[in-house]
$ cat model.cif   # mmCIF, C-alpha atoms
data_work
loop_
_atom_site.label_atom_id
_atom_site.label_comp_id
_atom_site.auth_asym_id
_atom_site.auth_seq_id
_atom_site.Cartn_x
_atom_site.Cartn_y
_atom_site.Cartn_z
CA MET O 1 0.00 0.00 0.00
CA ALA O 2 1.43 3.37 -0.99
CA GLY O 3 2.29 5.56 1.98
CA TYR O 4 1.92 2.76 4.53
CA ASN O 5 5.32 3.41 6.13
CA LEU O 6 5.04 7.20 6.43
CA ALA O 7 5.83 8.49 9.92
CA GLN O 8 4.12 11.81 9.32
CA GLY O 9 2.30 13.74 6.64
CA GLN O 10 1.22 17.32 5.98
CA TYR O 11 -1.88 18.13 3.97
CA GLU O 12 -1.47 20.54 1.06
CA ASN O 13 -2.23 23.99 2.42
CA ARG O 14 -3.75 25.62 -0.64
CA THR O 15 -7.18 26.45 -2.01
CA LEU O 16 -8.91 23.32 -3.25
CA SER O 17 -11.72 23.06 -5.76
CA GLU O 18 -14.75 20.83 -5.18
CA ASP O 19 -13.56 18.64 -8.05
CA GLU O 20 -10.14 18.17 -6.43
CA MET O 21 -11.72 17.11 -3.16
CA TRP O 22 -14.02 14.62 -4.90
CA SER O 23 -11.00 13.36 -6.83
CA ALA O 24 -9.20 12.59 -3.56
CA PHE O 25 -11.97 10.24 -2.48
CA SER O 26 -12.49 8.88 -5.99
CA ASN O 27 -8.83 7.84 -5.96
CA LEU O 28 -9.33 6.02 -2.66
CA PHE O 29 -12.25 4.06 -4.06
CA SER O 30 -10.68 3.38 -7.47
CA SER O 31 -8.65 0.43 -8.73
CA HIS O 32 -5.51 2.56 -8.27
CA SER O 33 -5.84 2.08 -4.51
CA LYS O 34 -4.38 -1.31 -3.54
CA ASN O 35 -5.77 -3.16 -0.53
CA SER O 36 -4.19 -6.10 1.27
CA SER O 37 -6.85 -5.82 3.99
CA SER O 38 -10.01 -3.81 4.65
CA TYR O 39 -8.34 -1.45 7.11
CA LYS O 40 -8.32 1.74 5.05
CA PHE O 41 -12.10 1.47 4.77
CA GLY O 42 -12.34 0.85 8.50
CA PHE O 43 -10.07 3.75 9.36
CA LEU O 44 -12.07 6.09 7.13
CA LYS O 45 -15.23 4.99 8.96
CA ALA O 46 -13.48 5.69 12.29
CA ILE O 47 -12.72 9.24 11.11
CA MET O 48 -16.25 9.76 9.79
CA ASP O 49 -17.75 8.47 13.05
CA ASN O 50 -15.59 10.97 14.97
CA LEU O 51 -16.15 13.99 12.73
CA TYR O 52 -17.96 15.86 15.47
CA ASN O 53 -15.47 14.95 18.20
CA VAL O 54 -12.69 17.14 16.79
CA ASP O 55 -11.25 20.01 18.82
CA GLN O 56 -11.11 23.61 17.60
CA LYS O 57 -8.08 22.77 15.44
CA LEU O 58 -9.96 19.85 13.84
CA THR O 59 -7.62 17.40 15.55
CA LEU O 60 -8.37 13.83 16.63
CA THR O 61 -6.08 11.67 18.76
CA PHE O 62 -5.06 8.18 17.74
CA ASP O 63 -6.63 6.95 20.98
CA GLN O 64 -10.02 8.30 19.84
CA LEU O 65 -9.70 6.92 16.34
CA PHE O 66 -8.34 3.49 17.15
CA CYS O 67 -10.86 2.94 19.94
CA THR O 68 -13.60 3.38 17.31
CA PHE O 69 -11.54 1.34 14.81
CA THR O 70 -11.21 -1.51 17.33
CA GLU O 71 -14.92 -1.43 18.15
CA ILE O 72 -15.80 -1.62 14.45
CA TYR O 73 -13.62 -4.67 13.92
CA TRP O 74 -14.54 -6.36 17.19
CA ASN O 75 -18.12 -6.54 15.99
CA LEU O 76 -17.31 -7.38 12.35
CA VAL O 77 -14.74 -10.08 13.15
CA LEU O 78 -16.04 -11.65 16.35
CA LYS O 79 -19.77 -10.94 16.32
CA TYR O 80 -20.34 -11.45 12.58
CA GLY O 81 -17.38 -13.68 11.67
CA ILE O 82 -16.28 -11.57 8.67
CA ARG O 83 -12.69 -12.05 7.49
CA GLN O 84 -10.74 -8.89 6.65
CA GLN O 85 -7.94 -10.41 4.56
CA PRO O 86 -7.59 -13.43 2.29
CA VAL O 87 -6.51 -16.47 4.30
CA SER O 88 -3.80 -18.76 2.99
CA LYS O 89 -2.06 -21.82 4.42
CA TYR O 90 0.60 -19.43 5.72
CA SER O 91 -1.79 -17.12 7.54
CA ASN O 92 -4.22 -17.33 10.44
CA GLY O 93 -5.64 -13.92 9.63
CA THR O 94 -4.30 -10.44 10.16
CA TYR O 95 -2.63 -9.24 13.35
CA LEU O 96 -5.84 -7.40 14.21
CA GLU O 97 -7.99 -10.52 13.80
CA GLN O 98 -5.54 -12.59 15.84
CA MET O 99 -5.45 -9.95 18.57
CA LEU O 100 -9.24 -9.72 18.78
CA ASN O 101 -9.55 -13.49 19.09
CA ALA O 102 -6.74 -13.65 21.66
CA THR O 103 -8.40 -10.94 23.78
CA ALA O 104 -11.75 -12.73 23.67
CA ALA O 105 -10.04 -15.98 24.75
CA ARG O 106 -7.99 -14.32 27.50
CA TYR O 107 -10.99 -12.64 29.09
CA THR O 108 -13.38 -15.54 28.34
CA ILE O 109 -15.62 -13.36 26.19
CA THR O 110 -18.07 -15.15 23.93
CA THR O 111 -18.08 -13.94 20.34
CA ASP O 112 -21.66 -12.67 20.51
CA ILE O 113 -20.77 -10.07 23.15
CA PRO O 114 -20.61 -6.56 21.61
CA PHE O 115 -17.58 -4.38 22.25
CA GLU O 116 -19.53 -2.01 24.49
CA SER O 117 -20.19 -4.84 26.96
CA ILE O 118 -16.63 -6.05 27.55
CA SER O 119 -14.67 -4.88 30.59
CA ASP O 120 -12.82 -1.57 30.60
CA LYS O 121 -9.58 -3.45 31.20
CA ALA O 122 -10.07 -5.57 28.09
CA LYS O 123 -11.04 -2.50 26.04
CA VAL O 124 -7.96 -0.52 27.06
CA GLU O 125 -5.64 -3.45 26.40
CA VAL O 126 -6.94 -4.41 22.97
CA CYS O 127 -7.30 -0.79 21.78
CA ARG O 128 -3.71 0.00 22.79
CA LYS O 129 -2.28 -3.05 21.03
CA ILE O 130 -4.24 -2.46 17.85
CA LYS O 131 -3.36 1.25 17.84
CA ASN O 132 0.36 0.54 18.23
CA LYS O 133 0.34 -1.94 15.35
CA CYS O 134 -2.16 -0.48 12.91
CA LYS O 135 -1.02 3.15 13.15
CA ILE O 136 2.19 2.09 11.38
CA ASN O 137 0.40 1.02 8.20
CA VAL O 138 -3.12 2.41 8.07
CA VAL O 139 -2.75 6.14 8.75
CA GLY O 140 -0.13 6.78 6.08
CA ALA O 141 -1.89 4.57 3.54
CA LEU O 142 -5.16 6.51 3.79
CA PHE O 143 -3.23 9.80 3.74
CA GLN O 144 -1.54 8.80 0.50
CA ASP O 145 -4.67 7.40 -1.13
CA THR O 146 -6.51 10.69 -0.52
CA LYS O 147 -3.63 12.48 -2.30
CA GLY O 148 -2.33 14.17 0.83
CA LEU O 149 -5.36 16.46 0.90
CA PHE O 150 -7.52 14.98 3.67
CA TYR O 151 -5.40 15.36 6.81
CA SER O 152 -2.02 15.84 8.39
CA PHE O 153 -0.73 13.34 10.95
CA SER O 154 2.11 12.48 13.28
CA ARG O 155 2.62 8.83 14.09
CA LYS O 156 5.03 9.70 16.90
CA GLU O 157 2.76 12.26 18.59
CA GLU O 158 -0.36 10.24 17.70
CA TRP O 159 -2.64 12.91 16.27
CA LEU O 160 -4.48 13.53 13.02
CA GLN O 161 -5.60 17.00 11.89
CA ILE O 162 -8.23 17.33 9.18
CA ASN O 163 -7.73 19.92 6.45
CA PRO O 164 -10.38 22.62 7.14
CA GLN O 165 -11.47 22.67 3.49
CA MET O 166 -11.81 18.90 3.47
CA TYR O 167 -13.63 18.97 6.81
CA GLU O 168 -16.33 21.22 5.39
CA PHE O 169 -16.48 19.10 2.23
CA VAL O 170 -16.83 15.84 4.18
CA CYS O 171 -19.53 17.30 6.44
CA LYS O 172 -21.36 18.55 3.35
CA HIS O 173 -21.22 15.15 1.61
CA LYS O 174 -21.05 12.89 4.66
CA LEU O 175 -23.73 10.38 3.70
CA ALA O 176 -22.53 10.10 0.10
CA ILE O 177 -18.93 9.43 1.17
CA GLU O 178 -20.06 6.88 3.77
CA LYS O 179 -22.14 5.03 1.17
CA LEU O 180 -19.21 4.93 -1.25
CA ASN O 181 -16.95 3.64 1.52
CA TYR O 182 -19.40 0.93 2.58
CA TYR O 183 -19.97 -0.15 -1.02
CA GLU O 184 -16.27 -0.55 -1.83
CA TRP O 185 -15.64 -2.16 1.56
CA ALA O 186 -18.42 -4.68 0.93
CA LYS O 187 -17.10 -5.44 -2.58
CA TYR O 188 -13.70 -6.21 -1.07
CA LEU O 189 -15.13 -8.40 1.70
CA GLU O 190 -17.32 -10.36 -0.72
CA LYS O 191 -14.18 -11.56 -2.50
CA ILE O 192 -12.65 -13.12 0.62
CA ASN O 193 -15.64 -14.39 2.64
CA ASP O 194 -18.08 -17.25 2.36
CA ASP O 195 -21.68 -16.51 1.43
CA SER O 196 -22.75 -17.62 4.92
CA VAL O 197 -21.61 -14.33 6.51
CA MET O 198 -22.53 -11.99 3.67
CA ASP O 199 -26.23 -11.48 4.49
CA HIS O 200 -27.02 -7.82 5.19
CA LEU O 201 -23.32 -6.96 4.89
CA LEU O 202 -23.83 -3.21 4.35
CA THR O 203 -26.05 -3.06 7.43
CA LYS O 204 -23.43 -4.93 9.47
CA ILE O 205 -20.75 -2.44 8.40
CA ASP O 206 -22.98 0.56 9.09
CA LYS O 207 -23.97 -0.69 12.54
CA SER O 208 -20.55 -2.03 13.53
CA SER O 209 -19.98 0.86 15.98
CA GLU O 210 -23.60 1.22 17.13
CA ARG O 211 -24.29 0.84 20.84
CA GLU O 212 -27.05 -1.53 21.92
CA ASN O 213 -27.44 -0.28 25.49
CA LEU O 214 -27.81 3.40 26.45
CA SER O 215 -29.09 2.74 29.96
CA VAL O 216 -26.11 4.48 31.56
CA TYR O 217 -27.16 7.73 29.89
CA ARG O 218 -30.75 7.19 30.98
CA ARG O 219 -29.61 6.95 34.59
CA ILE O 220 -27.27 9.95 34.43
CA LEU O 221 -29.78 12.25 32.73
CA PHE O 222 -32.71 11.20 34.91
CA GLU O 223 -30.99 10.97 38.30
CA GLU O 224 -28.01 13.32 38.17
CA PHE O 225 -29.44 16.06 35.97
CA GLU O 226 -33.11 15.60 36.89
CA ASN O 227 -34.38 15.38 33.32
CA THR O 228 -37.69 13.97 34.55
CA THR O 229 -40.01 15.08 31.75
CA CYS O 230 -40.09 14.18 28.06
CA PHE O 231 -37.75 16.54 26.25
CA TYR O 232 -40.30 17.04 23.47
CA CYS O 233 -43.85 16.93 24.84
CA GLY O 234 -43.19 17.67 28.51
CA LYS O 235 -44.93 14.57 29.80
CA LYS O 236 -43.80 13.43 33.25
CA LEU O 237 -41.47 10.45 32.99
CA SER O 238 -41.80 7.52 35.36
CA ASN O 239 -38.59 6.19 36.92
CA ASP O 240 -39.00 2.99 34.95
CA GLY O 241 -36.44 2.14 32.28
CA HIS O 242 -39.09 0.64 30.00
CA LYS O 243 -41.05 3.91 29.92
CA ILE O 244 -38.08 6.22 29.38
CA HIS O 245 -36.42 6.23 25.97
CA VAL O 246 -32.98 7.68 25.24
CA ASP O 247 -33.25 9.63 21.99
CA HIS O 248 -30.48 10.84 19.70
CA PHE O 249 -31.58 14.44 19.11
CA ILE O 250 -29.67 14.49 15.82
CA PRO O 251 -30.39 10.99 14.45
CA ARG O 252 -27.73 8.38 15.01
CA THR O 253 -28.12 7.32 11.39
CA PHE O 254 -26.34 10.59 10.63
CA ILE O 255 -24.03 11.28 13.55
CA LYS O 256 -23.11 7.62 14.34
CA ASP O 257 -21.97 8.41 17.85
CA ASP O 258 -23.33 8.37 21.38
CA LYS O 259 -22.46 11.51 23.31
CA MET O 260 -24.44 13.08 26.13
CA TRP O 261 -24.68 16.44 24.37
CA ASN O 262 -26.83 14.75 21.69
CA LEU O 263 -28.92 12.52 23.97
CA VAL O 264 -32.25 13.43 25.54
CA LEU O 265 -34.90 11.52 27.48
CA ALA O 266 -38.24 11.07 25.78
CA CYS O 267 -41.52 9.27 26.31
CA PRO O 268 -41.99 6.19 24.08
CA THR O 269 -44.59 7.97 21.94
CA CYS O 270 -42.35 10.91 21.03
CA ASN O 271 -39.29 8.76 20.49
CA LEU O 272 -41.08 6.40 18.13
CA GLN O 273 -42.84 9.20 16.25
CA LYS O 274 -39.63 11.20 15.83
CA SER O 275 -37.67 8.12 14.69
CA ASP O 276 -34.72 9.34 12.53
CA LYS O 277 -36.17 12.78 11.83
CA LEU O 278 -34.74 16.10 12.98
CA ALA O 279 -36.73 17.92 15.64
CA SER O 280 -37.77 21.52 15.06
CA VAL O 281 -35.15 24.20 15.65
CA ILE O 282 -36.99 25.28 18.82
CA TYR O 283 -35.83 22.02 20.39
CA LEU O 284 -32.30 22.72 19.23
CA GLU O 285 -32.39 25.89 21.32
CA LYS O 286 -33.80 23.90 24.22
CA LEU O 287 -30.97 21.37 23.92
CA LEU O 288 -28.37 24.14 23.86
CA ASP O 289 -29.78 25.43 27.16
CA ARG O 290 -29.83 21.92 28.62
CA ASN O 291 -26.22 21.33 27.67
CA LYS O 292 -25.13 24.59 29.30
CA ARG O 293 -26.58 23.32 32.57
CA ILE O 294 -24.73 20.01 32.25
CA VAL O 295 -21.43 21.80 31.67
CA LEU O 296 -22.03 24.02 34.71
CA LEU O 297 -23.08 21.17 36.99
CA LYS O 298 -20.51 18.63 35.88
CA LYS O 299 -17.47 20.29 34.38
CA ASP O 300 -15.55 17.00 34.30
CA ALA O 301 -18.15 15.20 32.16
CA LYS O 302 -16.07 13.25 29.63
CA ASP O 303 -18.71 13.50 26.89
CA MET O 304 -18.67 17.28 27.13
CA GLU O 305 -14.90 17.80 26.86
CA LYS O 306 -15.00 19.01 23.26
CA TYR O 307 -18.61 20.17 23.20
CA SER O 308 -19.50 23.63 21.96
CA ASP O 309 -22.78 25.33 21.06
CA GLN O 310 -21.28 26.26 17.71
CA ASN O 311 -20.46 22.64 16.92
CA LEU O 312 -23.97 21.44 17.79
CA ARG O 313 -25.53 24.11 15.58
CA ALA O 314 -23.17 23.07 12.77
CA VAL O 315 -24.07 19.38 13.09
CA TYR O 316 -27.79 20.27 12.97
CA TYR O 317 -27.15 22.30 9.80
CA TRP O 318 -25.11 19.52 8.15
CA ALA O 319 -27.80 16.97 8.96
CA ARG O 320 -30.39 19.11 7.17
CA PHE O 321 -27.99 19.57 4.23
CA ASN O 322 -27.58 15.79 4.02
CA GLY O 323 -31.29 15.22 3.58
CA TYR O 324 -32.70 15.17 7.10
CA ASP O 325 -35.23 17.79 6.15
CA ALA O 326 -38.43 16.15 7.45
CA ILE O 327 -38.72 18.41 10.51
CA TRP O 328 -40.66 16.87 13.39
CA LYS O 329 -42.72 18.28 16.26
CA PRO O 330 -44.77 16.36 18.81
CA LYS O 331 -48.44 16.29 17.94
CA LYS O 332 -49.55 17.40 21.38
CA SER O 333 -47.84 19.14 24.27
CA GLY O 334 -47.95 17.29 27.55
CA ARG O 335 -49.17 18.77 30.78
CA GLY O 336 -45.67 18.76 32.20
CA ARG O 337 -44.55 21.86 30.25
#
$ encode --input "model.cif" --output "structure tokens"
Amino acid sequence: MAGYNLAQGQYENRTLSEDEMWSAFSNLFSSHSKNSSSYKFGFLKAIMDNLYNVDQKLTLTFDQLFCTFTEIYWNLVLKYGIRQQPVSKYSNGTYLEQMLNATAARYTITTDIPFESISDKAKVEVCRKIKNKCKINVVGALFQDTKGLFYSFSRKEEWLQINPQMYEFVCKHKLAIEKLNYYEWAKYLEKINDDSVMDHLLTKIDKSSERENLSVYRRILFEEFENTTCFYCGKKLSNDGHKIHVDHFIPRTFIKDDKMWNLVLACPTCNLQKSDKLASVIYLEKLLDRNKRIVLLKKDAKDMEKYSDQNLRAVYYWARFNGYDAIWKPKKSGRGR
């Protein structure tokens, strides 16, 4: 893979045209880009899933990226049994696949257990090992295949900084780029896997970093921050997990992340009616006010470390730009308002 052994890279700091930026991704998805494993596709997904976790300089740490990267592959390899590289008589799979299987064996984790449910100790260990190995090959390879336009990086200092022009471009075309990535990723995987694991492959890739259990956020928001009414209709919420839904204010189908600044408590009716729609902008303002209170009450909240009102407004705008334009309001206001 071209660029795989680069220790650092600097994006081209010049004005880019829309065509040049599309060309960078077209090159990645073309036959010119050689793949000995699926990892460039997985690393691009890790970046896309962390787009809204950047700091003010548009920087992401390798710890952030490779934690997401590990979670993606934990679920694809162990949960779904999907190979990521052709297997020969000389190979038992890639280092990453071997490491995932070894971690599951060491901690006696059955393969149907999602990444979110394994112990913190196991998570830290496997993420660190995969980061230390995969950063050597994957980061430089994706840098090179996007023509040195997408990001700068330092393997030694373990950071990646997205080119501001490319950041705006990727936010603008997020869903299109994700679909292209999933399609090419699936084409590659189909060549090296048996038909038995190929059912719903695109869905498996898309949901590989999706959390199944948000109960910890339900508890924190209800008990610590006293969010005891439905965020949308105002109905009083009963302290019963089955009657309190955790809703992604900006749909998870777009943001693909679980952070407290985007999570609200809702009654089942509102949550199901809203589904993957955007709520009216009046609820955006309400969420901005809610998040200010969380920051004031719990300044050490990990999920709020890189939060800003400006970023939330931007994500709401980009979601609308990407086609989430069916704006939703609850049909009736509850008595709790």
$ closest_residue --input "model.cif" --among "O:Ser23, O:Ser17, O:Asn322, O:Gly42" --to "Ala176 in chain O" --atoms "only C-alpha atoms"
O:Asn322
$ closest_residue --input "model.cif" --among "O:Leu263, O:Val126, O:Ala319, O:Leu28" --to "Phe249 in chain O" --atoms "only C-alpha atoms"
O:Leu263
$ resolve_selection --input "model.cif" --expression "the PyMOL selection byres ((chain O and resi 137) around 8)" --output "list in words"
Gly3, Tyr4, Asn5, Leu6, Lys133, Cys134, Lys135, Ile136, Val138, Val139, Gly140 and Ala141 of chain O
$ atom_distance --input "model.cif" --atom1 "CA of Tyr95 in chain O" --atom2 "CA of Asn50 in chain O"
24.1 Å
$ residues_around --input "model.cif" --residues "range 302-311 of chain O" --least-positions-apart "5" --cutoff "12 Å" --atoms "all atoms listed in the file" --output "PyMOL selection string"
chain O and resi 50-60+171+217+220+257-263+284-297+316-318
$ write_last_selection --input "model.cif" --atoms "C-alpha atoms" --output "PDB file, keeping the file's coordinate frame"
ATOM      1  CA  ASN O  50     -15.590  10.970  14.970  1.00  0.00           C
ATOM      2  CA  LEU O  51     -16.150  13.990  12.730  1.00  0.00           C
ATOM      3  CA  TYR O  52     -17.960  15.860  15.470  1.00  0.00           C
ATOM      4  CA  ASN O  53     -15.470  14.950  18.200  1.00  0.00           C
ATOM      5  CA  VAL O  54     -12.690  17.140  16.790  1.00  0.00           C
ATOM      6  CA  ASP O  55     -11.250  20.010  18.820  1.00  0.00           C
ATOM      7  CA  GLN O  56     -11.110  23.610  17.600  1.00  0.00           C
ATOM      8  CA  LYS O  57      -8.080  22.770  15.440  1.00  0.00           C
ATOM      9  CA  LEU O  58      -9.960  19.850  13.840  1.00  0.00           C
ATOM     10  CA  THR O  59      -7.620  17.400  15.550  1.00  0.00           C
ATOM     11  CA  LEU O  60      -8.370  13.830  16.630  1.00  0.00           C
ATOM     12  CA  CYS O 171     -19.530  17.300   6.440  1.00  0.00           C
ATOM     13  CA  TYR O 217     -27.160   7.730  29.890  1.00  0.00           C
ATOM     14  CA  ILE O 220     -27.270   9.950  34.430  1.00  0.00           C
ATOM     15  CA  ASP O 257     -21.970   8.410  17.850  1.00  0.00           C
ATOM     16  CA  ASP O 258     -23.330   8.370  21.380  1.00  0.00           C
ATOM     17  CA  LYS O 259     -22.460  11.510  23.310  1.00  0.00           C
ATOM     18  CA  MET O 260     -24.440  13.080  26.130  1.00  0.00           C
ATOM     19  CA  TRP O 261     -24.680  16.440  24.370  1.00  0.00           C
ATOM     20  CA  ASN O 262     -26.830  14.750  21.690  1.00  0.00           C
ATOM     21  CA  LEU O 263     -28.920  12.520  23.970  1.00  0.00           C
ATOM     22  CA  LEU O 284     -32.300  22.720  19.230  1.00  0.00           C
ATOM     23  CA  GLU O 285     -32.390  25.890  21.320  1.00  0.00           C
ATOM     24  CA  LYS O 286     -33.800  23.900  24.220  1.00  0.00           C
ATOM     25  CA  LEU O 287     -30.970  21.370  23.920  1.00  0.00           C
ATOM     26  CA  LEU O 288     -28.370  24.140  23.860  1.00  0.00           C
ATOM     27  CA  ASP O 289     -29.780  25.430  27.160  1.00  0.00           C
ATOM     28  CA  ARG O 290     -29.830  21.920  28.620  1.00  0.00           C
ATOM     29  CA  ASN O 291     -26.220  21.330  27.670  1.00  0.00           C
ATOM     30  CA  LYS O 292     -25.130  24.590  29.300  1.00  0.00           C
ATOM     31  CA  ARG O 293     -26.580  23.320  32.570  1.00  0.00           C
ATOM     32  CA  ILE O 294     -24.730  20.010  32.250  1.00  0.00           C
ATOM     33  CA  VAL O 295     -21.430  21.800  31.670  1.00  0.00           C
ATOM     34  CA  LEU O 296     -22.030  24.020  34.710  1.00  0.00           C
ATOM     35  CA  LEU O 297     -23.080  21.170  36.990  1.00  0.00           C
ATOM     36  CA  TYR O 316     -27.790  20.270  12.970  1.00  0.00           C
ATOM     37  CA  TYR O 317     -27.150  22.300   9.800  1.00  0.00           C
ATOM     38  CA  TRP O 318     -25.110  19.520   8.150  1.00  0.00           C
TER      39      TRP O 318
END
$ residues_around --input "model.cif" --residues "Val246 in chain O" --least-positions-apart "5" --cutoff "8 Å" --atoms "all atoms listed in the file" --output "PyMOL selection string"
chain O and resi 214-215+217-218+263-266+271
